[in-house]
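What follows is input19.txt (compact mmCIF, C-alpha atoms and all ligand atoms).
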```
# COMPACT_ATOMS: atom_id res chain seq x y z
CA MET I 1 -112.61 227.35 139.68
CA SER I 2 -109.03 227.68 140.85
CA LYS I 3 -108.41 230.00 143.77
CA THR I 4 -106.92 233.25 142.55
CA LEU I 5 -105.98 236.60 143.97
CA GLU I 6 -109.65 237.64 144.08
CA THR I 7 -110.41 234.76 146.44
CA SER I 8 -107.44 235.37 148.73
CA PRO I 9 -108.90 236.10 152.20
CA ASN I 10 -106.40 238.91 152.76
CA ALA I 11 -106.93 240.57 149.39
CA ARG I 12 -110.70 240.53 149.88
CA ILE I 13 -110.67 242.45 153.16
CA ASN I 14 -111.69 246.08 152.74
CA LYS I 15 -108.51 247.94 153.73
CA THR I 16 -110.14 251.36 153.98
CA LEU I 17 -111.87 250.26 157.20
CA LEU I 18 -108.43 249.78 158.76
CA ASP I 19 -107.89 253.53 158.69
CA ARG I 20 -110.47 254.01 161.46
CA TYR I 21 -108.32 252.01 163.87
CA ALA I 22 -104.94 253.15 162.58
CA LYS I 23 -105.99 256.71 163.47
CA LEU I 24 -106.95 255.91 167.07
CA GLU I 25 -104.72 257.69 169.54
CA ILE I 26 -102.52 255.49 171.69
CA PRO I 27 -101.60 256.56 175.26
CA GLU I 28 -98.59 258.88 175.35
CA ASN I 29 -96.33 256.44 177.21
CA LYS I 30 -97.11 253.27 175.21
CA VAL I 31 -94.90 251.88 172.45
CA ILE I 32 -95.74 248.83 170.33
CA VAL I 33 -92.67 246.67 169.77
CA THR I 34 -92.79 243.94 167.12
CA TYR I 35 -90.29 241.19 167.96
CA ILE I 36 -89.12 239.40 164.79
CA TRP I 37 -87.07 236.19 164.68
CA PHE I 38 -86.31 233.17 162.53
CA ASP I 39 -86.65 229.53 163.50
CA ASP I 40 -87.83 227.45 160.53
CA CYS I 41 -89.54 230.50 159.07
CA ILE I 42 -89.79 234.19 159.93
CA ARG I 43 -92.09 234.82 162.89
CA SER I 44 -93.18 237.92 164.80
CA LYS I 45 -95.26 239.01 167.78
CA GLU I 46 -96.08 242.28 169.49
CA ARG I 47 -95.44 243.57 172.97
CA VAL I 48 -96.48 246.89 174.47
CA LEU I 49 -93.77 248.74 176.42
CA ASN I 50 -94.11 251.78 178.65
CA LEU I 51 -90.98 253.54 177.40
CA ALA I 52 -89.64 254.40 173.96
CA PRO I 53 -86.45 252.28 173.84
CA THR I 54 -83.31 254.10 172.76
CA SER I 55 -81.17 250.97 172.43
CA VAL I 56 -81.67 247.19 172.32
CA ASN I 57 -80.64 247.08 175.99
CA ASP I 58 -83.88 248.87 176.89
CA ILE I 59 -85.96 246.09 175.33
CA PRO I 60 -86.65 243.03 177.48
CA ILE I 61 -85.46 239.60 176.45
CA TRP I 62 -88.62 237.62 175.67
CA CYS I 63 -89.45 234.04 174.78
CA ALA I 64 -91.44 232.13 172.18
CA GLY I 65 -92.62 228.59 171.64
CA HIS I 66 -90.50 226.44 169.36
CA GLY I 67 -91.60 223.16 167.77
CA GLU I 68 -88.98 220.43 168.26
CA ASP I 69 -88.30 217.71 165.70
CA ASP I 70 -89.90 215.09 167.99
CA GLY I 71 -93.18 217.02 167.97
CA SER I 72 -92.79 218.49 171.45
CA LEU I 73 -92.89 222.22 172.13
CA SER I 74 -90.03 223.99 173.91
CA GLU I 75 -89.16 227.64 174.42
CA TRP I 76 -86.53 229.83 172.87
CA TYR I 77 -85.26 233.13 174.26
CA LEU I 78 -85.56 236.15 171.98
CA HIS I 79 -82.59 238.52 172.41
CA PRO I 80 -83.23 241.94 170.83
CA CYS I 81 -80.28 242.85 168.57
CA ALA I 82 -81.34 245.53 166.04
CA ILE I 83 -84.03 248.23 166.09
CA TYR I 84 -85.97 249.50 163.05
CA LYS I 85 -88.85 251.96 162.69
CA ASP I 86 -92.25 250.32 162.22
CA PRO I 87 -93.56 251.23 158.73
CA PHE I 88 -96.99 249.75 159.45
CA ARG I 89 -97.81 251.79 162.54
CA GLY I 90 -95.45 254.75 162.08
CA GLY I 91 -94.71 257.14 164.94
CA LYS I 92 -92.64 255.86 167.85
CA HIS I 93 -93.47 252.19 167.25
CA ILE I 94 -90.59 249.87 166.40
CA LEU I 95 -89.57 246.53 165.00
CA VAL I 96 -86.87 244.60 166.80
CA TRP I 97 -84.85 241.86 165.12
CA CYS I 98 -83.90 239.13 167.59
CA GLU I 99 -81.32 236.38 167.97
CA THR I 100 -82.72 233.13 169.33
CA TYR I 101 -81.21 231.11 172.19
CA SER I 102 -82.43 227.72 173.32
CA GLY I 103 -83.39 226.87 176.91
CA ASP I 104 -79.79 226.05 177.91
CA GLY I 105 -78.69 229.56 176.93
CA LYS I 106 -76.75 228.44 173.83
CA PRO I 107 -77.44 229.95 170.37
CA SER I 108 -80.34 227.98 168.83
CA ILE I 109 -79.71 225.68 165.85
CA THR I 110 -80.82 228.40 163.42
CA ASN I 111 -78.95 231.25 165.14
CA HIS I 112 -75.90 231.85 162.94
CA ARG I 113 -75.67 235.55 163.79
CA ASN I 114 -73.74 234.88 166.97
CA ASN I 115 -70.92 233.08 165.14
CA CYS I 116 -70.92 235.58 162.27
CA ALA I 117 -70.43 238.44 164.73
CA LYS I 118 -67.44 236.66 166.32
CA ILE I 119 -65.80 236.13 162.92
CA ALA I 120 -66.53 239.71 161.85
CA VAL I 121 -64.67 241.07 164.89
CA LYS I 122 -61.53 239.12 163.85
CA CYS I 123 -61.71 240.70 160.37
CA SER I 124 -62.43 244.28 161.40
CA ALA I 125 -59.00 245.64 160.38
CA GLU I 126 -59.89 244.98 156.70
CA GLU I 127 -63.26 246.77 157.08
CA PRO I 128 -65.23 244.30 154.94
CA TRP I 129 -68.39 245.52 153.23
CA PHE I 130 -71.13 243.31 151.83
CA GLY I 131 -74.01 243.94 149.43
CA ILE I 132 -76.65 241.23 148.99
CA GLU I 133 -79.10 240.78 146.09
CA GLN I 134 -82.26 238.99 147.21
CA GLU I 135 -84.21 237.35 144.36
CA TYR I 136 -87.71 235.99 145.02
CA LEU I 137 -90.92 234.97 143.27
CA PHE I 138 -94.45 236.12 144.11
CA LEU I 139 -97.08 233.38 144.37
CA ASP I 140 -100.80 233.76 143.87
CA ASN I 141 -103.26 232.43 146.46
CA ASP I 142 -103.27 229.02 144.72
CA GLY I 143 -99.48 228.66 145.04
CA GLN I 144 -98.85 229.35 141.34
CA PRO I 145 -96.47 232.15 140.25
CA LEU I 146 -98.29 235.50 140.29
CA GLY I 147 -99.73 236.45 136.90
CA TRP I 148 -98.92 233.12 135.18
CA PRO I 149 -101.69 231.45 133.14
CA LYS I 150 -103.56 228.95 135.31
CA ASN I 151 -103.14 226.01 132.97
CA GLY I 152 -99.83 226.61 131.25
CA TYR I 153 -96.75 228.76 131.05
CA PRO I 154 -96.14 232.40 130.22
CA GLY I 155 -94.50 233.46 126.95
CA PRO I 156 -90.75 232.89 126.59
CA ILE I 157 -88.36 234.86 128.78
CA GLY I 158 -87.08 238.13 127.37
CA PRO I 159 -89.37 241.03 128.24
CA TYR I 160 -89.68 240.37 131.98
CA TYR I 161 -86.20 241.28 133.32
CA CYS I 162 -86.35 244.99 134.26
CA GLY I 163 -89.61 244.89 132.32
CA VAL I 164 -92.27 247.54 131.94
CA GLY I 165 -95.89 247.04 130.90
CA ALA I 166 -99.03 245.20 131.99
CA GLU I 167 -98.28 242.21 129.74
CA SER I 168 -94.88 241.55 131.38
CA VAL I 169 -94.90 242.81 134.96
CA TYR I 170 -96.85 241.55 137.98
CA GLY I 171 -96.69 242.84 141.55
CA ARG I 172 -94.95 246.19 141.15
CA ASP I 173 -97.23 247.82 143.75
CA ILE I 174 -95.90 245.42 146.37
CA VAL I 175 -92.28 245.98 145.31
CA ASP I 176 -92.62 249.74 145.51
CA ALA I 177 -94.44 249.62 148.85
CA HIS I 178 -91.60 247.41 150.12
CA LEU I 179 -88.91 249.81 148.89
CA ARG I 180 -90.52 252.72 150.71
CA ALA I 181 -91.12 250.65 153.86
CA CYS I 182 -87.43 249.60 153.89
CA LEU I 183 -86.27 253.20 153.54
CA TYR I 184 -88.64 254.33 156.30
CA SER I 185 -87.49 251.53 158.61
CA GLY I 186 -83.82 252.33 158.26
CA ILE I 187 -82.82 249.33 156.15
CA ARG I 188 -79.95 250.25 153.83
CA ILE I 189 -81.74 249.18 150.67
CA PHE I 190 -79.69 249.67 147.48
CA GLY I 191 -82.33 249.10 144.79
CA THR I 192 -84.91 246.79 143.21
CA ASN I 193 -85.58 245.29 139.79
CA ALA I 194 -87.97 242.95 138.00
CA GLU I 195 -86.28 239.60 137.28
CA VAL I 196 -86.15 237.08 134.43
CA LEU I 197 -89.43 235.26 135.27
CA PRO I 198 -92.73 237.12 135.30
CA GLY I 199 -93.61 237.75 138.97
CA GLN I 200 -89.94 237.33 140.01
CA TRP I 201 -88.19 240.33 141.59
CA GLU I 202 -85.04 241.37 143.41
CA PHE I 203 -84.05 243.84 146.10
CA GLN I 204 -80.52 244.61 147.17
CA VAL I 205 -79.13 245.73 150.54
CA GLY I 206 -75.78 247.29 151.37
CA PRO I 207 -72.99 247.93 150.96
CA SER I 208 -72.56 247.80 154.72
CA SER I 209 -70.68 245.91 157.39
CA SER I 210 -70.87 242.15 157.86
CA VAL I 211 -73.53 241.67 160.54
CA SER I 212 -75.67 244.72 159.82
CA VAL I 213 -76.12 243.86 156.14
CA CYS I 214 -77.51 240.48 157.24
CA ASP I 215 -79.80 242.08 159.85
CA ASP I 216 -81.07 244.39 157.11
CA LEU I 217 -81.65 241.48 154.72
CA TRP I 218 -83.63 239.48 157.28
CA VAL I 219 -85.82 242.42 158.26
CA GLY I 220 -86.18 243.28 154.54
CA ARG I 221 -87.45 239.71 153.99
CA PHE I 222 -89.89 240.16 156.90
CA LEU I 223 -91.24 243.43 155.46
CA LEU I 224 -91.63 241.84 152.03
CA GLN I 225 -93.68 238.92 153.34
CA ARG I 226 -95.68 241.17 155.64
CA ILE I 227 -96.55 243.68 152.90
CA ALA I 228 -97.34 240.96 150.34
CA GLU I 229 -99.64 239.41 152.97
CA GLU I 230 -101.77 242.57 152.89
CA PHE I 231 -102.13 242.19 149.11
CA GLY I 232 -103.05 238.49 149.43
CA VAL I 233 -99.80 237.43 147.75
CA SER I 234 -97.07 235.04 149.03
CA VAL I 235 -93.33 235.20 148.58
CA THR I 236 -91.23 232.13 147.87
CA LEU I 237 -87.48 232.06 148.46
CA ASP I 238 -87.19 228.58 146.94
CA PRO I 239 -84.03 228.68 144.80
CA LYS I 240 -85.74 226.82 141.92
CA PRO I 241 -89.47 227.49 142.30
CA VAL I 242 -90.44 226.27 138.82
CA ARG I 243 -88.89 223.14 137.34
CA GLY I 244 -87.30 223.10 133.90
CA GLU I 245 -85.76 225.91 131.91
CA TRP I 246 -87.27 228.58 134.16
CA PHE I 247 -84.70 230.69 136.02
CA GLY I 248 -84.10 230.10 139.73
CA SER I 249 -83.62 232.64 142.52
CA GLY I 250 -80.27 233.46 144.07
CA CYS I 251 -78.81 235.68 146.74
CA HIS I 252 -75.70 237.03 144.99
CA THR I 253 -73.34 238.31 147.66
CA ASN I 254 -70.91 241.11 146.84
CA VAL I 255 -67.88 241.69 149.04
CA SER I 256 -65.02 244.14 149.30
CA THR I 257 -62.23 244.76 151.77
CA LYS I 258 -60.23 247.93 152.35
CA SER I 259 -57.46 246.58 150.08
CA MET I 260 -59.93 245.71 147.30
CA ARG I 261 -61.46 249.17 147.37
CA ALA I 262 -58.08 250.95 147.31
CA SER I 263 -56.37 251.89 144.05
CA GLY I 264 -54.90 248.73 142.46
CA GLY I 265 -57.32 246.64 144.53
CA ILE I 266 -57.90 244.22 141.64
CA GLU I 267 -54.87 242.31 142.96
CA ALA I 268 -56.58 241.73 146.31
CA ILE I 269 -59.76 240.75 144.42
CA ASN I 270 -57.85 238.14 142.41
CA GLU I 271 -56.19 236.82 145.58
CA ALA I 272 -59.62 236.43 147.19
CA ILE I 273 -60.92 234.57 144.12
CA GLU I 274 -57.92 232.25 144.28
CA LYS I 275 -58.79 231.43 147.92
CA LEU I 276 -62.47 230.96 147.07
CA SER I 277 -61.57 228.55 144.26
CA LYS I 278 -59.81 226.29 146.80
CA SER I 279 -62.75 226.10 149.20
CA HIS I 280 -65.68 225.65 146.81
CA GLU I 281 -67.25 222.71 148.68
CA LYS I 282 -67.17 224.47 152.05
CA HIS I 283 -68.98 227.43 150.51
CA ILE I 284 -71.62 225.36 148.71
CA LYS I 285 -72.44 223.68 152.04
CA ALA I 286 -73.02 227.08 153.68
CA TYR I 287 -74.93 228.69 150.82
CA ASP I 288 -78.34 227.13 151.45
CA PRO I 289 -80.03 225.85 154.62
CA ASN I 290 -79.80 222.23 153.46
CA GLY I 291 -76.05 222.00 152.98
CA GLY I 292 -76.16 222.39 149.18
CA LYS I 293 -79.21 220.20 148.51
CA ASP I 294 -81.52 223.14 147.68
CA ASN I 295 -78.94 224.76 145.40
CA GLU I 296 -78.46 221.50 143.46
CA ARG I 297 -81.70 222.20 141.62
CA ARG I 298 -80.58 225.74 140.74
CA LEU I 299 -76.82 225.55 140.02
CA ASN I 300 -77.04 223.19 137.04
CA ALA I 301 -75.08 225.15 134.40
CA GLY I 302 -78.39 226.24 132.83
CA CYS I 303 -80.29 229.54 133.17
CA VAL I 304 -77.09 231.57 133.63
CA THR I 305 -75.64 229.52 136.50
CA ALA I 306 -72.38 227.65 137.02
CA PRO I 307 -72.50 223.91 137.82
CA ILE I 308 -72.61 223.22 141.56
CA ASP I 309 -69.54 220.94 141.54
CA LYS I 310 -67.08 223.20 139.72
CA PHE I 311 -65.71 226.62 140.66
CA SER I 312 -65.26 229.25 137.95
CA SER I 313 -64.71 232.99 137.81
CA GLY I 314 -64.50 235.76 135.23
CA ILE I 315 -64.84 239.40 134.38
CA ALA I 316 -68.47 240.29 133.47
CA ASP I 317 -69.21 236.53 133.43
CA ARG I 318 -72.70 235.89 134.77
CA SER I 319 -72.37 232.14 134.13
CA ALA I 320 -69.44 231.88 136.56
CA SER I 321 -69.47 231.06 140.29
CA VAL I 322 -67.75 234.38 141.01
CA ARG I 323 -67.88 237.45 138.79
CA ILE I 324 -65.81 240.60 138.68
CA PRO I 325 -68.22 243.30 137.50
CA LYS I 326 -67.14 245.09 134.32
CA THR I 327 -67.07 248.46 136.09
CA VAL I 328 -64.75 247.01 138.75
CA ALA I 329 -62.37 245.59 136.13
CA ASP I 330 -62.35 249.00 134.37
CA ALA I 331 -61.58 250.88 137.60
CA GLY I 332 -58.97 248.33 138.72
CA CYS I 333 -60.51 248.17 142.19
CA GLY I 334 -63.84 247.59 143.96
CA TYR I 335 -65.58 244.33 144.84
CA LEU I 336 -66.38 240.80 143.66
CA GLU I 337 -69.73 239.05 143.34
CA ASP I 338 -70.28 235.50 144.59
CA ARG I 339 -73.25 234.22 142.54
CA ARG I 340 -73.58 230.86 144.33
CA PRO I 341 -75.68 231.61 147.45
CA ALA I 342 -79.29 230.42 147.13
CA SER I 343 -82.25 232.75 147.62
CA ASN I 344 -83.18 230.93 150.85
CA CYS I 345 -79.66 231.13 152.34
CA ASP I 346 -78.99 232.42 155.81
CA PRO I 347 -76.87 235.52 155.04
CA TYR I 348 -75.03 235.16 158.37
CA MET I 349 -73.69 231.79 157.17
CA VAL I 350 -72.77 233.15 153.75
CA VAL I 351 -70.99 236.20 155.15
CA ALA I 352 -69.22 234.22 157.90
CA THR I 353 -67.95 231.68 155.36
CA MET I 354 -66.75 234.38 152.95
CA LEU I 355 -64.95 236.20 155.76
CA SER I 356 -63.29 233.04 157.02
CA THR I 357 -61.95 232.19 153.55
CA ILE I 358 -61.05 235.67 152.34
CA CYS I 359 -59.83 237.40 155.52
CA LEU I 360 -58.85 234.56 157.86
CA ASP I 361 -57.44 232.05 155.34
CA GLU I 362 -59.44 229.25 156.96
P1 LIG I 401 -75.99 242.94 139.48
O1 LIG I 401 -75.41 243.67 138.31
O2 LIG I 401 -75.21 241.73 139.86
O3 LIG I 401 -77.45 242.64 139.30
P2 LIG I 401 -76.91 244.83 141.53
O4 LIG I 401 -76.93 246.20 140.97
O5 LIG I 401 -78.20 244.11 141.62
O6 LIG I 401 -75.82 243.96 140.71
O7 LIG I 401 -76.32 244.83 143.00
C1 LIG I 401 -75.07 245.36 143.29
C2 LIG I 401 -74.75 245.01 144.73
O8 LIG I 401 -73.38 245.33 144.97
C3 LIG I 401 -75.57 245.77 145.77
O9 LIG I 401 -76.08 244.87 146.72
C4 LIG I 401 -74.53 246.70 146.44
O10 LIG I 401 -74.81 246.87 147.80
C5 LIG I 401 -73.25 245.90 146.26
N1 LIG I 401 -72.01 246.70 146.29
C6 LIG I 401 -71.73 247.85 145.62
N2 LIG I 401 -70.50 248.30 145.94
C7 LIG I 401 -69.98 247.41 146.83
C8 LIG I 401 -68.74 247.32 147.53
N3 LIG I 401 -67.76 248.22 147.38
N4 LIG I 401 -68.56 246.26 148.36
C9 LIG I 401 -69.52 245.35 148.52
N5 LIG I 401 -70.70 245.38 147.89
C10 LIG I 401 -70.94 246.40 147.05
MN MN I 402 -78.86 242.26 140.79
MN MN I 403 -80.69 239.28 139.81
MN MN I 404 -75.92 239.89 140.74
```
Translate the structure of the given file into structure tokens.
Amino acid sequence: MSKTLETSPNARINKTLLDRYAKLEIPENKVIVTYIWFDDCIRSKERVLNLAPTSVNDIPIWCAGHGEDDGSLSEWYLHPCAIYKDPFRGGKHILVWCETYSGDGKPSITNHRNNCAKIAVKCSAEEPWFGIEQEYLFLDNDGQPLGWPKNGYPGPIGPYYCGVGAESVYGRDIVDAHLRACLYSGIRIFGTNAEVLPGQWEFQVGPSSSVSVCDDLWVGRFLLQRIAEEFGVSVTLDPKPVRGEWFGSGCHTNVSTKSMRASGGIEAINEAIEKLSKSHEKHIKAYDPNGGKDNERRLNAGCVTAPIDKFSSGIADRSASVRIPKTVADAGCGYLEDRRPASNCDPYMVVATMLSTICLDE
């Protein structure tokens, strides 16, 4: 028998027993802080503090083990940089998103927030806003897409995107729990929808400023994985989780500047697209963690994608690299959507690269 949801160790645990402990009173002066960071995957650990922190400066820098490529173990510093409310424990307990620094005090190899923040400061006069659409696929305990037949494929695509009904939709409980947890935490979540594959979903964050939209996306990813864990389900951000004519997952990134949002802003939007068209390769390199390799499987001109080696743009064109939404074209101002970033991208790299091209002409 193949392992399925029923055999997932997490799904089998009786959750009602948890209530007994969740209701236990915690000493007045104690706050549970969950440090969250990214090295090769999202990680977290708890620390009990004696004071309710009011800013990241009240939270101690901490450290965590980090596996080096040569197999040795070193330590990274965890620098608290953004506070969220803890939707699992409620009350005064918090989550803290951290930047990582290696032993020599330099940003670690996977810390792109530091550079993104520096670039964002240079662009502040244009007040850039970003909105990011995170697509992902739920996996069952056996690693197969959630709800798919165990020895075959689901029916042809069509009813699943924004779908309704037990025959088309899998995992809505998790998606809705995640939406509420994001709102509670203080993440600026924009919305959610079921995607083209059964078991594939999306949530969007923003619009908000450059660094904070990325902080929100990372913590939103953490909450998603953490909530799905309780249901015995995994989340994959692989940009092409199923081979063949099955849609991949992206991280469409929408951007606007003050000039784009102002009346007649379509001119600034077209100027930005012109600049993007001249730096396609630089962007592809930054849009997945493997310098374009992961996106190669997804951006193949099939399944409503543009080919990875050729830039294109258009109004309402979802097969282009960059799209101007119909409503934006109608209004003559607003934002543009870059459809190239992969679902497993680091948003700090995507945002930093877009800023450098659009606002700094680099
Ligand atoms: P799509 O039609 O591509 O699926 P969605 O509705 O999923 O679009 O997402 C729209 C995204 O656009 C959201 O992430 C939202 O934050 C973002 N957005 C809306 N207005 C702006 C704006 N002025 N600047 C930047 N991003 C914006
Ligand atoms: Mn969308
Ligand atoms: Mn989508
Ligand atoms: Mn989109």
For the contact check between chain I and ligand MN 402 (chain I), emit one row per residue of chain I within 9 Å, containing the shortest atom pair and the distance in Å rounded to one decimal, counting all atoms listed in the file, chain then rising number order, as CSV.
```
residue,atom,partner,partner_atom,distance
I:Ile132,CA,I:MN402,MN,8.6
I:Glu133,CA,I:MN402,MN,5.5
I:Gln134,CA,I:MN402,MN,8.0
I:Glu135,CA,I:MN402,MN,8.1
I:Gly191,CA,I:MN402,MN,8.7
I:Thr192,CA,I:MN402,MN,7.9
I:Asn193,CA,I:MN402,MN,7.4
I:Glu195,CA,I:MN402,MN,8.6
I:Glu202,CA,I:MN402,MN,6.8
I:Phe203,CA,I:MN402,MN,7.6
I:Gln204,CA,I:MN402,MN,7.0
I:Cys251,CA,I:MN402,MN,8.9
I:His252,CA,I:MN402,MN,7.4
```
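Nearest to I:Ser208 of all the residues I:Asn114, I:Asn29, I:Asn14, I:Thr253 is I:Thr253, counting all atoms listed in the file.
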Expected answer as a VMD selection string: residues within 10 Å of ligand LIG 401 (chain I), only C-alpha atoms and all ligand atoms: chain I and resid 128 to 135 188 to 193 195 202 to 210 213 251 to 258 260 to 261 316 318 323 to 328 333 to 339
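Atom CA of I:Val169 to atom CA of I:Gly199 spans 6.6 Å [interatomic distance, one decimal].
Among I:Trp148, I:Gly250, I:Asp330, I:Asn344, the residue with the shortest atom-to-atom distance to ligand MN 404 (chain I), counting all atoms listed in the file, is I:Gly250.
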Please work out which residues fall within 12 Å of (-78.4, 227.1, 131.1), coordinates as given in the file, with all atoms listed in the file counting, and return them as a PyMOL selection string. chain I and resi 244-248+298-307+318-320
Can you tell me which residues surround I:Thr236 at a distance of at most 7 Å, considering only C-alpha atoms, apart from same-chain residues fewer than 2 positions away, and format the answer as a list in words? Tyr136, Leu137, Phe138, Leu139, Ser234 and Asp238 of chain I
Find the residue from I:Cys182, I:Ala272, I:Ala64, I:Val164 that sits nearest to I:Val322; use only C-alpha atoms when measuring. I:Ala272
Pick from I:Val351, I:Leu146, I:Cys162, I:Ile119 nearest to ligand MN 403 (chain I), counting only C-alpha atoms and all ligand atoms: I:Cys162
Please list as number ranges by chain every residue within 9 Å of I:Asn57, counting all atoms listed in the file and excluding residues in the same chain fewer than 4 positions away. I: 53, 61, 80-81
File of the preceding selection, C-alpha atoms, as a PDB file, keeping the file's coordinate frame:
```
ATOM      1  CA  PRO I  53     -86.450 252.280 173.840  1.00  0.00           C
ATOM      2  CA  ILE I  61     -85.460 239.600 176.450  1.00  0.00           C
ATOM      3  CA  PRO I  80     -83.230 241.940 170.830  1.00  0.00           C
ATOM      4  CA  CYS I  81     -80.280 242.850 168.570  1.00  0.00           C
TER       5      CYS I  81
END
```
Padded axis-aligned box of stretch 73-79 of chain I (3 Å per side), centre and edge lengths, Å, one decimal, as AutoDock Vina command-line options:
```
--center_x -87.7 --center_y 230.4 --center_z 173.2 --size_x 16.3 --size_y 22.3 --size_z 8.4
```
